[in-house]
file input.cif (mmCIF, N, CA and C atoms)
data_run
loop_
_atom_site.label_atom_id
_atom_site.label_comp_id
_atom_site.auth_asym_id
_atom_site.auth_seq_id
_atom_site.Cartn_x
_atom_site.Cartn_y
_atom_site.Cartn_z
N MET Z 702 12.15 9.42 -16.29
CA MET Z 702 11.92 9.38 -14.85
C MET Z 702 12.65 8.17 -14.28
N ASP Z 703 13.24 8.36 -13.13
CA ASP Z 703 14.02 7.29 -12.52
C ASP Z 703 13.21 6.60 -11.41
N CYS Z 704 12.03 6.12 -11.77
CA CYS Z 704 11.14 5.46 -10.81
C CYS Z 704 11.17 3.96 -11.08
N ILE Z 705 11.53 3.19 -10.08
CA ILE Z 705 11.62 1.73 -10.25
C ILE Z 705 10.28 1.13 -10.66
N PHE Z 706 9.18 1.67 -10.13
CA PHE Z 706 7.87 1.13 -10.49
C PHE Z 706 7.51 1.47 -11.93
N CYS Z 707 7.87 2.66 -12.38
CA CYS Z 707 7.63 3.01 -13.79
C CYS Z 707 8.45 2.11 -14.71
N LYS Z 708 9.65 1.73 -14.26
CA LYS Z 708 10.49 0.83 -15.05
C LYS Z 708 9.87 -0.57 -15.09
N ILE Z 709 9.22 -0.99 -14.03
CA ILE Z 709 8.52 -2.28 -14.03
C ILE Z 709 7.35 -2.22 -15.01
N ILE Z 710 6.59 -1.14 -14.97
CA ILE Z 710 5.44 -0.99 -15.85
C ILE Z 710 5.86 -0.98 -17.31
N SER Z 711 6.98 -0.33 -17.62
CA SER Z 711 7.45 -0.23 -19.01
C SER Z 711 8.10 -1.53 -19.49
N GLY Z 712 8.37 -2.46 -18.57
CA GLY Z 712 9.02 -3.72 -18.93
C GLY Z 712 10.53 -3.66 -18.86
N GLU Z 713 11.07 -2.52 -18.49
CA GLU Z 713 12.52 -2.36 -18.36
C GLU Z 713 13.07 -3.25 -17.24
N ILE Z 714 12.29 -3.39 -16.18
CA ILE Z 714 12.64 -4.29 -15.08
C ILE Z 714 11.61 -5.40 -15.06
N LYS Z 715 12.07 -6.64 -15.09
CA LYS Z 715 11.18 -7.80 -15.09
C LYS Z 715 10.68 -8.07 -13.67
N THR Z 716 9.46 -8.61 -13.60
CA THR Z 716 8.86 -8.93 -12.31
C THR Z 716 7.89 -10.09 -12.47
N LYS Z 717 7.42 -10.60 -11.38
CA LYS Z 717 6.43 -11.68 -11.37
C LYS Z 717 5.05 -11.05 -11.19
N ILE Z 718 4.35 -10.88 -12.31
CA ILE Z 718 3.03 -10.24 -12.28
C ILE Z 718 1.97 -11.24 -11.80
N ILE Z 719 1.21 -10.83 -10.82
CA ILE Z 719 0.11 -11.65 -10.28
C ILE Z 719 -1.15 -11.42 -11.11
N LYS Z 720 -1.45 -10.14 -11.36
CA LYS Z 720 -2.64 -9.78 -12.11
C LYS Z 720 -2.51 -8.33 -12.52
N GLU Z 721 -3.13 -7.97 -13.65
CA GLU Z 721 -3.13 -6.57 -14.03
C GLU Z 721 -4.43 -6.19 -14.70
N THR Z 722 -4.69 -4.90 -14.68
CA THR Z 722 -5.85 -4.32 -15.34
C THR Z 722 -5.32 -3.27 -16.32
N LEU Z 723 -6.22 -2.56 -16.93
CA LEU Z 723 -5.83 -1.49 -17.84
C LEU Z 723 -5.02 -0.41 -17.12
N ARG Z 724 -5.34 -0.16 -15.84
CA ARG Z 724 -4.74 0.96 -15.13
C ARG Z 724 -3.83 0.59 -13.96
N SER Z 725 -3.81 -0.69 -13.55
CA SER Z 725 -3.06 -1.09 -12.36
C SER Z 725 -2.39 -2.44 -12.58
N ILE Z 726 -1.42 -2.73 -11.72
CA ILE Z 726 -0.69 -3.99 -11.82
C ILE Z 726 -0.31 -4.49 -10.42
N ALA Z 727 -0.41 -5.79 -10.22
CA ALA Z 727 -0.02 -6.43 -8.96
C ALA Z 727 1.12 -7.38 -9.25
N PHE Z 728 2.16 -7.33 -8.42
CA PHE Z 728 3.33 -8.18 -8.65
C PHE Z 728 4.02 -8.48 -7.32
N LEU Z 729 4.84 -9.52 -7.34
CA LEU Z 729 5.58 -9.89 -6.14
C LEU Z 729 6.65 -8.85 -5.84
N ASP Z 730 6.76 -8.46 -4.57
CA ASP Z 730 7.78 -7.52 -4.13
C ASP Z 730 9.15 -8.19 -4.25
N ALA Z 731 10.12 -7.49 -4.84
CA ALA Z 731 11.47 -8.05 -5.02
C ALA Z 731 12.22 -8.15 -3.69
N PHE Z 732 11.78 -7.41 -2.69
CA PHE Z 732 12.41 -7.43 -1.37
C PHE Z 732 11.32 -7.72 -0.32
N PRO Z 733 10.81 -8.95 -0.34
CA PRO Z 733 9.62 -9.26 0.47
C PRO Z 733 9.87 -9.28 1.97
N LEU Z 734 8.83 -8.86 2.70
CA LEU Z 734 8.83 -8.96 4.15
C LEU Z 734 8.36 -10.34 4.58
N ALA Z 735 7.66 -11.03 3.67
CA ALA Z 735 7.17 -12.40 3.91
C ALA Z 735 6.98 -13.04 2.54
N LYS Z 736 6.95 -14.36 2.51
CA LYS Z 736 6.76 -15.06 1.25
C LYS Z 736 5.37 -14.77 0.70
N GLY Z 737 5.32 -14.15 -0.48
CA GLY Z 737 4.05 -13.77 -1.08
C GLY Z 737 3.75 -12.29 -0.99
N HIS Z 738 4.65 -11.51 -0.39
CA HIS Z 738 4.48 -10.05 -0.28
C HIS Z 738 4.26 -9.49 -1.68
N THR Z 739 3.13 -8.86 -1.87
CA THR Z 739 2.71 -8.37 -3.18
C THR Z 739 2.51 -6.86 -3.14
N LEU Z 740 2.85 -6.20 -4.23
CA LEU Z 740 2.60 -4.78 -4.38
C LEU Z 740 1.56 -4.57 -5.46
N VAL Z 741 0.69 -3.60 -5.26
CA VAL Z 741 -0.30 -3.22 -6.27
C VAL Z 741 -0.08 -1.73 -6.51
N ILE Z 742 0.14 -1.36 -7.79
CA ILE Z 742 0.46 0.02 -8.13
C ILE Z 742 -0.36 0.49 -9.33
N PRO Z 743 -0.58 1.80 -9.41
CA PRO Z 743 -1.19 2.33 -10.63
C PRO Z 743 -0.14 2.35 -11.74
N LYS Z 744 -0.56 2.19 -12.97
CA LYS Z 744 0.38 2.23 -14.09
C LYS Z 744 0.86 3.64 -14.39
N ASN Z 745 0.05 4.63 -14.06
CA ASN Z 745 0.49 6.02 -14.20
C ASN Z 745 1.18 6.45 -12.92
N HIS Z 746 2.20 7.26 -13.06
CA HIS Z 746 2.98 7.70 -11.90
C HIS Z 746 2.22 8.77 -11.12
N HIS Z 747 1.97 8.46 -9.85
CA HIS Z 747 1.38 9.41 -8.90
C HIS Z 747 2.08 9.20 -7.57
N ALA Z 748 2.47 10.27 -6.91
CA ALA Z 748 3.18 10.16 -5.64
C ALA Z 748 2.25 9.77 -4.49
N LYS Z 749 1.05 10.33 -4.47
CA LYS Z 749 0.13 10.09 -3.36
C LYS Z 749 -1.25 9.70 -3.90
N ILE Z 750 -2.01 9.02 -3.07
CA ILE Z 750 -3.34 8.57 -3.45
C ILE Z 750 -4.21 9.74 -3.91
N GLN Z 751 -4.15 10.84 -3.20
CA GLN Z 751 -5.01 11.98 -3.54
C GLN Z 751 -4.60 12.65 -4.85
N ASP Z 752 -3.45 12.28 -5.40
CA ASP Z 752 -3.02 12.79 -6.71
C ASP Z 752 -3.65 12.01 -7.86
N MET Z 753 -4.21 10.86 -7.56
CA MET Z 753 -4.77 9.99 -8.59
C MET Z 753 -6.18 10.40 -8.98
N PRO Z 754 -6.51 10.35 -10.29
CA PRO Z 754 -7.91 10.53 -10.67
C PRO Z 754 -8.76 9.42 -10.05
N LYS Z 755 -10.01 9.71 -9.79
CA LYS Z 755 -10.88 8.74 -9.12
C LYS Z 755 -10.98 7.41 -9.87
N GLU Z 756 -10.96 7.45 -11.21
CA GLU Z 756 -11.06 6.21 -11.99
C GLU Z 756 -9.85 5.31 -11.73
N GLU Z 757 -8.66 5.92 -11.65
CA GLU Z 757 -7.45 5.13 -11.38
C GLU Z 757 -7.46 4.61 -9.95
N ASN Z 758 -7.93 5.44 -9.02
CA ASN Z 758 -8.03 5.03 -7.63
C ASN Z 758 -8.98 3.84 -7.49
N SER Z 759 -10.13 3.91 -8.13
CA SER Z 759 -11.10 2.82 -8.08
C SER Z 759 -10.52 1.54 -8.67
N ASP Z 760 -9.81 1.69 -9.78
CA ASP Z 760 -9.20 0.53 -10.42
C ASP Z 760 -8.13 -0.09 -9.53
N LEU Z 761 -7.30 0.76 -8.93
CA LEU Z 761 -6.23 0.27 -8.04
C LEU Z 761 -6.81 -0.54 -6.89
N PHE Z 762 -7.80 0.03 -6.20
CA PHE Z 762 -8.33 -0.66 -5.02
C PHE Z 762 -9.25 -1.82 -5.39
N SER Z 763 -9.78 -1.82 -6.58
CA SER Z 763 -10.50 -3.00 -7.06
C SER Z 763 -9.52 -4.15 -7.26
N LEU Z 764 -8.34 -3.84 -7.82
CA LEU Z 764 -7.32 -4.87 -7.99
C LEU Z 764 -6.80 -5.35 -6.63
N VAL Z 765 -6.61 -4.43 -5.69
CA VAL Z 765 -6.22 -4.83 -4.33
C VAL Z 765 -7.25 -5.82 -3.79
N HIS Z 766 -8.52 -5.51 -3.96
CA HIS Z 766 -9.60 -6.38 -3.49
C HIS Z 766 -9.52 -7.77 -4.13
N ASP Z 767 -9.19 -7.82 -5.41
CA ASP Z 767 -9.08 -9.10 -6.12
C ASP Z 767 -7.86 -9.92 -5.70
N VAL Z 768 -6.78 -9.23 -5.33
CA VAL Z 768 -5.52 -9.92 -5.02
C VAL Z 768 -5.45 -10.36 -3.55
N ILE Z 769 -6.10 -9.65 -2.66
CA ILE Z 769 -6.04 -10.00 -1.23
C ILE Z 769 -6.38 -11.47 -0.97
N PRO Z 770 -7.45 -12.03 -1.50
CA PRO Z 770 -7.74 -13.44 -1.21
C PRO Z 770 -6.63 -14.39 -1.67
N LYS Z 771 -5.96 -14.05 -2.76
CA LYS Z 771 -4.87 -14.89 -3.25
C LYS Z 771 -3.72 -14.89 -2.25
N VAL Z 772 -3.33 -13.71 -1.78
CA VAL Z 772 -2.24 -13.60 -0.81
C VAL Z 772 -2.67 -14.18 0.53
N ASP Z 773 -3.92 -13.90 0.91
CA ASP Z 773 -4.45 -14.39 2.18
C ASP Z 773 -4.45 -15.92 2.24
N SER Z 774 -4.60 -16.56 1.09
CA SER Z 774 -4.63 -18.03 1.06
C SER Z 774 -3.28 -18.65 1.46
N LEU Z 775 -2.22 -17.87 1.44
CA LEU Z 775 -0.90 -18.40 1.80
C LEU Z 775 -0.77 -18.67 3.30
N THR Z 776 -1.34 -17.78 4.12
CA THR Z 776 -1.20 -17.92 5.57
C THR Z 776 -2.51 -17.77 6.33
N GLY Z 777 -3.54 -17.25 5.67
CA GLY Z 777 -4.81 -17.04 6.34
C GLY Z 777 -5.00 -15.64 6.89
N ALA Z 778 -3.98 -14.78 6.76
CA ALA Z 778 -4.09 -13.40 7.24
C ALA Z 778 -3.18 -12.50 6.41
N THR Z 779 -3.60 -11.26 6.22
CA THR Z 779 -2.78 -10.32 5.46
C THR Z 779 -2.79 -8.95 6.10
N LEU Z 780 -1.69 -8.26 5.92
CA LEU Z 780 -1.58 -6.85 6.26
C LEU Z 780 -1.70 -6.09 4.96
N VAL Z 781 -2.56 -5.09 4.92
CA VAL Z 781 -2.69 -4.23 3.75
C VAL Z 781 -2.25 -2.85 4.21
N ALA Z 782 -1.22 -2.30 3.55
CA ALA Z 782 -0.65 -1.03 4.02
C ALA Z 782 -0.32 -0.11 2.86
N VAL Z 783 -0.53 1.18 3.13
CA VAL Z 783 -0.16 2.23 2.18
C VAL Z 783 0.58 3.31 2.97
N HIS Z 784 1.79 3.61 2.56
CA HIS Z 784 2.53 4.75 3.10
C HIS Z 784 2.30 5.88 2.11
N ASN Z 785 1.56 6.89 2.53
CA ASN Z 785 1.11 7.95 1.62
C ASN Z 785 1.95 9.21 1.83
N GLY Z 786 3.14 9.22 1.26
CA GLY Z 786 4.07 10.35 1.40
C GLY Z 786 5.31 9.96 2.16
N GLU Z 787 6.39 10.68 1.89
CA GLU Z 787 7.69 10.38 2.49
C GLU Z 787 7.63 10.38 4.02
N GLU Z 788 6.93 11.36 4.59
CA GLU Z 788 6.85 11.46 6.05
C GLU Z 788 6.10 10.28 6.66
N ALA Z 789 5.31 9.60 5.84
CA ALA Z 789 4.55 8.43 6.31
C ALA Z 789 5.33 7.14 6.11
N GLY Z 790 6.57 7.26 5.61
CA GLY Z 790 7.39 6.07 5.42
C GLY Z 790 7.45 5.57 3.98
N GLN Z 791 6.89 6.33 3.05
CA GLN Z 791 6.90 5.92 1.64
C GLN Z 791 8.32 6.07 1.10
N GLU Z 792 8.91 4.96 0.67
CA GLU Z 792 10.29 4.98 0.18
C GLU Z 792 10.39 5.29 -1.30
N ILE Z 793 9.40 4.88 -2.07
CA ILE Z 793 9.37 5.14 -3.51
C ILE Z 793 8.16 6.04 -3.76
N PRO Z 794 8.38 7.25 -4.32
CA PRO Z 794 7.28 8.19 -4.49
C PRO Z 794 6.36 7.86 -5.67
N HIS Z 795 5.85 6.65 -5.66
CA HIS Z 795 4.86 6.17 -6.63
C HIS Z 795 3.87 5.38 -5.78
N VAL Z 796 2.60 5.72 -5.85
CA VAL Z 796 1.60 5.03 -5.02
C VAL Z 796 1.78 3.53 -5.11
N HIS Z 797 1.79 2.88 -3.96
CA HIS Z 797 1.84 1.42 -3.94
C HIS Z 797 1.19 0.89 -2.67
N VAL Z 798 0.46 -0.20 -2.86
CA VAL Z 798 -0.23 -0.86 -1.76
C VAL Z 798 0.50 -2.17 -1.48
N HIS Z 799 0.90 -2.35 -0.23
CA HIS Z 799 1.54 -3.60 0.19
C HIS Z 799 0.47 -4.58 0.64
N ILE Z 800 0.55 -5.80 0.18
CA ILE Z 800 -0.29 -6.88 0.69
C ILE Z 800 0.69 -7.94 1.19
N VAL Z 801 0.76 -8.06 2.51
CA VAL Z 801 1.79 -8.89 3.13
C VAL Z 801 1.13 -10.04 3.90
N PRO Z 802 1.47 -11.28 3.55
CA PRO Z 802 0.97 -12.40 4.35
C PRO Z 802 1.48 -12.28 5.78
N ARG Z 803 0.62 -12.57 6.75
CA ARG Z 803 1.00 -12.47 8.15
C ARG Z 803 0.79 -13.80 8.85
N GLU Z 804 1.63 -14.02 9.85
CA GLU Z 804 1.51 -15.17 10.75
C GLU Z 804 1.75 -14.67 12.16
N SER Z 805 1.20 -15.34 13.14
CA SER Z 805 1.36 -14.89 14.53
C SER Z 805 2.83 -14.90 14.95
N SER Z 806 3.65 -15.70 14.31
CA SER Z 806 5.06 -15.80 14.69
C SER Z 806 5.97 -14.81 13.96
N ASP Z 807 5.42 -13.91 13.13
CA ASP Z 807 6.28 -13.04 12.32
C ASP Z 807 6.82 -11.82 13.07
N SER Z 808 6.38 -11.57 14.27
CA SER Z 808 6.83 -10.48 15.14
C SER Z 808 6.55 -9.08 14.59
N ALA Z 809 5.73 -8.96 13.57
CA ALA Z 809 5.44 -7.64 13.01
C ALA Z 809 4.50 -6.84 13.90
N GLY Z 810 3.59 -7.49 14.58
CA GLY Z 810 2.71 -6.80 15.51
C GLY Z 810 1.61 -5.99 14.85
N ALA Z 811 0.89 -5.31 15.69
CA ALA Z 811 -0.23 -4.46 15.26
C ALA Z 811 0.28 -3.09 14.86
N ILE Z 812 -0.56 -2.29 14.22
CA ILE Z 812 -0.16 -0.97 13.76
C ILE Z 812 0.36 -0.10 14.91
N HIS Z 813 -0.21 -0.23 16.08
CA HIS Z 813 0.23 0.58 17.22
C HIS Z 813 1.66 0.25 17.64
N SER Z 814 2.15 -0.92 17.28
CA SER Z 814 3.53 -1.28 17.63
C SER Z 814 4.54 -0.57 16.73
N MET Z 815 4.08 0.09 15.67
CA MET Z 815 4.98 0.83 14.78
C MET Z 815 5.43 2.15 15.39
N PHE Z 816 4.73 2.61 16.40
CA PHE Z 816 5.00 3.92 16.99
C PHE Z 816 5.53 3.75 18.40
N ASP Z 817 6.39 4.70 18.82
CA ASP Z 817 6.99 4.64 20.15
C ASP Z 817 5.97 4.81 21.26
N SER Z 818 4.97 5.62 21.02
CA SER Z 818 3.95 5.83 22.05
C SER Z 818 2.66 6.28 21.38
N THR Z 819 1.59 6.22 22.14
CA THR Z 819 0.32 6.69 21.60
C THR Z 819 0.27 8.21 21.73
N CYS Z 820 -0.45 8.81 20.88
CA CYS Z 820 -0.60 10.27 20.84
C CYS Z 820 -1.60 10.68 21.92
N LYS Z 821 -1.25 11.69 22.68
CA LYS Z 821 -2.16 12.21 23.71
C LYS Z 821 -2.93 13.38 23.10
N VAL Z 822 -4.25 13.27 23.12
CA VAL Z 822 -5.11 14.30 22.55
C VAL Z 822 -6.14 14.72 23.59
N THR Z 823 -6.20 16.02 23.85
CA THR Z 823 -7.20 16.52 24.80
C THR Z 823 -8.57 16.50 24.12
N ASP Z 824 -9.61 16.63 24.92
CA ASP Z 824 -10.97 16.66 24.37
C ASP Z 824 -11.14 17.82 23.39
N SER Z 825 -10.59 18.99 23.73
CA SER Z 825 -10.74 20.14 22.83
C SER Z 825 -9.94 19.93 21.54
N GLU Z 826 -8.77 19.32 21.61
CA GLU Z 826 -8.00 19.01 20.40
C GLU Z 826 -8.74 17.99 19.54
N PHE Z 827 -9.33 17.00 20.20
CA PHE Z 827 -10.11 15.99 19.50
C PHE Z 827 -11.26 16.64 18.73
N ASP Z 828 -11.96 17.57 19.39
CA ASP Z 828 -13.07 18.29 18.76
C ASP Z 828 -12.57 19.15 17.59
N GLU Z 829 -11.43 19.82 17.77
CA GLU Z 829 -10.87 20.67 16.72
C GLU Z 829 -10.48 19.83 15.49
N ILE Z 830 -9.84 18.70 15.71
CA ILE Z 830 -9.45 17.80 14.62
C ILE Z 830 -10.70 17.30 13.90
N TYR Z 831 -11.68 16.90 14.68
CA TYR Z 831 -12.94 16.41 14.10
C TYR Z 831 -13.56 17.47 13.18
N LYS Z 832 -13.63 18.71 13.65
CA LYS Z 832 -14.23 19.79 12.87
C LYS Z 832 -13.47 20.02 11.56
N LYS Z 833 -12.15 19.93 11.60
CA LYS Z 833 -11.34 20.11 10.39
C LYS Z 833 -11.59 18.99 9.39
N LEU Z 834 -11.76 17.78 9.88
CA LEU Z 834 -11.93 16.64 9.00
C LEU Z 834 -13.32 16.55 8.38
N VAL Z 835 -14.34 17.00 9.10
CA VAL Z 835 -15.69 16.92 8.54
C VAL Z 835 -16.09 18.21 7.83
N GLY Z 836 -15.32 19.28 8.02
CA GLY Z 836 -15.66 20.60 7.46
C GLY Z 836 -15.44 20.77 6.02
#
call {"tool": "encode", "arguments": {"input": "input.cif", "output": "structure tokens"}}
result
Amino acid sequence: MDCIFCKIISGEIKTKIIKETLRSIAFLDAFPLAKGHTLVIPKNHHAKIQDMPKEENSDLFSLVHDVIPKVDSLTGATLVAVHNGEEAGQEIPHVHVHIVPRESSDSAGAIHSMFDSTCKVTDSEFDEIYKKLVG
């Protein structure tokens, strides 16, 4: 498989490991958006979160929970982001969680600044979406 994250896990590509568990690994991003930008990934290859067994998912987000305070200590604030699928902006089809130190001067903005405009939803559309999600 030609997955850069799988190559990191196998040791083929060297990285700066922050912490790892039996099922997950946290390491510094080689192309950081900020100093301390960290990625947390499952050791098994899965393209999307919903593809992961629950045990791996729990392990991954437990490691995210453990690493956030370390990254947060760099600036006092962090962005935690997951792009779940290519259409969502996922560049590497291997689940990965970004933990990015943030500062008010970094110009990254809030999540709503990532989109050109807000989505307009009618009351009936809102109700229909709600029914699909809870059904």
call {"tool": "closest_residue", "arguments": {"input": "input.cif", "among": "Z:Glu787, Z:Glu792, Z:Asp773, Z:Glu829", "to": "Ala735 (chain Z)", "atoms": "only C-alpha atoms"}}
result
Z:Asp773
call {"tool": "residues_around", "arguments": {"input": "input.cif", "residues": "His747 (chain Z)", "least_positions_apart": "2", "cutoff": "6.5 Å", "atoms": "all atoms listed in the file", "output": "VMD selection string"}}
result
chain Z and resid 745 749 to 750 752 to 753 794 to 796
call {"tool": "write_last_selection", "arguments": {"input": "input.cif", "atoms": "N, CA and C atoms", "output": "mmCIF file, in the coordinates of the input"}}
result
data_model
loop_
_atom_site.group_PDB
_atom_site.id
_atom_site.type_symbol
_atom_site.label_atom_id
_atom_site.label_comp_id
_atom_site.auth_asym_id
_atom_site.auth_seq_id
_atom_site.Cartn_x
_atom_site.Cartn_y
_atom_site.Cartn_z
ATOM 1 N N ASN Z 745 0.050 4.630 -14.060
ATOM 2 C CA ASN Z 745 0.490 6.020 -14.200
ATOM 3 C C ASN Z 745 1.180 6.450 -12.920
ATOM 4 N N LYS Z 749 1.050 10.330 -4.470
ATOM 5 C CA LYS Z 749 0.130 10.090 -3.360
ATOM 6 C C LYS Z 749 -1.250 9.700 -3.900
ATOM 7 N N ILE Z 750 -2.010 9.020 -3.070
ATOM 8 C CA ILE Z 750 -3.340 8.570 -3.450
ATOM 9 C C ILE Z 750 -4.210 9.740 -3.910
ATOM 10 N N ASP Z 752 -3.450 12.280 -5.400
ATOM 11 C CA ASP Z 752 -3.020 12.790 -6.710
ATOM 12 C C ASP Z 752 -3.650 12.010 -7.860
ATOM 13 N N MET Z 753 -4.210 10.860 -7.560
ATOM 14 C CA MET Z 753 -4.770 9.990 -8.590
ATOM 15 C C MET Z 753 -6.180 10.400 -8.980
ATOM 16 N N PRO Z 794 8.380 7.250 -4.320
ATOM 17 C CA PRO Z 794 7.280 8.190 -4.490
ATOM 18 C C PRO Z 794 6.360 7.860 -5.670
ATOM 19 N N HIS Z 795 5.850 6.650 -5.660
ATOM 20 C CA HIS Z 795 4.860 6.170 -6.630
ATOM 21 C C HIS Z 795 3.870 5.380 -5.780
ATOM 22 N N VAL Z 796 2.600 5.720 -5.850
ATOM 23 C CA VAL Z 796 1.600 5.030 -5.020
ATOM 24 C C VAL Z 796 1.780 3.530 -5.110
#
call {"tool": "atom_distance", "arguments": {"input": "input.cif", "atom1": "CA of Asp824 (chain Z)", "atom2": "CA of Asn785 (chain Z)"}}
result
27.2 Å
call {"tool": "closest_residue", "arguments": {"input": "input.cif", "among": "Z:Ile705, Z:Ala748, Z:Ile726, Z:Met815", "to": "Val765 (chain Z)", "atoms": "only N, CA and C atoms"}}
result
Z:Ile726
call {"tool": "atom_distance", "arguments": {"input": "input.cif", "atom1": "atom N of Pro743 (chain Z)", "atom2": "CA of Thr779 (chain Z)"}}
result
19.3 Å
call {"tool": "residues_around", "arguments": {"input": "input.cif", "residues": "Thr776 (chain Z)", "least_positions_apart": "3", "cutoff": "10 Å", "atoms": "only C-alpha atoms", "output": "PyMOL selection string"}}
result
chain Z and resi 736-737+772-773+779+801-805
call {"tool": "resolve_selection", "arguments": {"input": "input.cif", "expression": "the PyMOL selection byres (((chain Z and resi 760 and name CA) around 9) and name CA)", "output": "JSON, numbers by chain"}}
result
{"Z": [722, 723, 724, 725, 743, 755, 756, 757, 758, 759, 761, 762, 763, 764, 765]}
call {"tool": "write_last_selection", "arguments": {"input": "input.cif", "atoms": "N, CA and C atoms", "output": "mmCIF file, in the coordinates of the input"}}
result
data_model
loop_
_atom_site.group_PDB
_atom_site.id
_atom_site.type_symbol
_atom_site.label_atom_id
_atom_site.label_comp_id
_atom_site.auth_asym_id
_atom_site.auth_seq_id
_atom_site.Cartn_x
_atom_site.Cartn_y
_atom_site.Cartn_z
ATOM 1 N N THR Z 722 -4.690 -4.900 -14.680
ATOM 2 C CA THR Z 722 -5.850 -4.320 -15.340
ATOM 3 C C THR Z 722 -5.320 -3.270 -16.320
ATOM 4 N N LEU Z 723 -6.220 -2.560 -16.930
ATOM 5 C CA LEU Z 723 -5.830 -1.490 -17.840
ATOM 6 C C LEU Z 723 -5.020 -0.410 -17.120
ATOM 7 N N ARG Z 724 -5.340 -0.160 -15.840
ATOM 8 C CA ARG Z 724 -4.740 0.960 -15.130
ATOM 9 C C ARG Z 724 -3.830 0.590 -13.960
ATOM 10 N N SER Z 725 -3.810 -0.690 -13.550
ATOM 11 C CA SER Z 725 -3.060 -1.090 -12.360
ATOM 12 C C SER Z 725 -2.390 -2.440 -12.580
ATOM 13 N N PRO Z 743 -0.580 1.800 -9.410
ATOM 14 C CA PRO Z 743 -1.190 2.330 -10.630
ATOM 15 C C PRO Z 743 -0.140 2.350 -11.740
ATOM 16 N N LYS Z 755 -10.010 9.710 -9.790
ATOM 17 C CA LYS Z 755 -10.880 8.740 -9.120
ATOM 18 C C LYS Z 755 -10.980 7.410 -9.870
ATOM 19 N N GLU Z 756 -10.960 7.450 -11.210
ATOM 20 C CA GLU Z 756 -11.060 6.210 -11.990
ATOM 21 C C GLU Z 756 -9.850 5.310 -11.730
ATOM 22 N N GLU Z 757 -8.660 5.920 -11.650
ATOM 23 C CA GLU Z 757 -7.450 5.130 -11.380
ATOM 24 C C GLU Z 757 -7.460 4.610 -9.950
ATOM 25 N N ASN Z 758 -7.930 5.440 -9.020
ATOM 26 C CA ASN Z 758 -8.030 5.030 -7.630
ATOM 27 C C ASN Z 758 -8.980 3.840 -7.490
ATOM 28 N N SER Z 759 -10.130 3.910 -8.130
ATOM 29 C CA SER Z 759 -11.100 2.820 -8.080
ATOM 30 C C SER Z 759 -10.520 1.540 -8.670
ATOM 31 N N LEU Z 761 -7.300 0.760 -8.930
ATOM 32 C CA LEU Z 761 -6.230 0.270 -8.040
ATOM 33 C C LEU Z 761 -6.810 -0.540 -6.890
ATOM 34 N N PHE Z 762 -7.800 0.030 -6.200
ATOM 35 C CA PHE Z 762 -8.330 -0.660 -5.020
ATOM 36 C C PHE Z 762 -9.250 -1.820 -5.390
ATOM 37 N N SER Z 763 -9.780 -1.820 -6.580
ATOM 38 C CA SER Z 763 -10.500 -3.000 -7.060
ATOM 39 C C SER Z 763 -9.520 -4.150 -7.260
ATOM 40 N N LEU Z 764 -8.340 -3.840 -7.820
ATOM 41 C CA LEU Z 764 -7.320 -4.870 -7.990
ATOM 42 C C LEU Z 764 -6.800 -5.350 -6.630
ATOM 43 N N VAL Z 765 -6.610 -4.430 -5.690
ATOM 44 C CA VAL Z 765 -6.220 -4.830 -4.330
ATOM 45 C C VAL Z 765 -7.250 -5.820 -3.790
#
call {"tool": "select_by_dssp", "arguments": {"input": "input.cif", "residues": "chain Z", "states": "strand (DSSP E)", "output": "PyMOL selection string"}}
result
chain Z and resi 718-721+725-729+739-743+779-782+798-802
call {"tool": "axis_aligned_box", "arguments": {"input": "input.cif", "around": "region 755-766 of chain Z", "padding_each_side": "8 Å", "output": "JSON"}}
result
{"center_x": -8.7, "center_y": 1.0, "center_z": -7.7, "size_x": 20.9, "size_y": 33.5, "size_z": 24.5}
call {"tool": "atom_distance", "arguments": {"input": "input.cif", "atom1": "CA of Pro770 (chain Z)", "atom2": "CA of Ile800 (chain Z)"}}
result
10.1 Å
call {"tool": "select_by_dssp", "arguments": {"input": "input.cif", "residues": "chain Z", "states": "alpha helix (DSSP H)", "output": "ChimeraX atom specification"}}
result
/Z:705-711,755-776,824-835
call {"tool": "closest_residue", "arguments": {"input": "input.cif", "among": "Z:His797, Z:Pro754, Z:Lys744, Z:Ile769", "to": "Cys707 (chain Z)", "atoms": "only N, CA and C atoms"}}
result
Z:Lys744
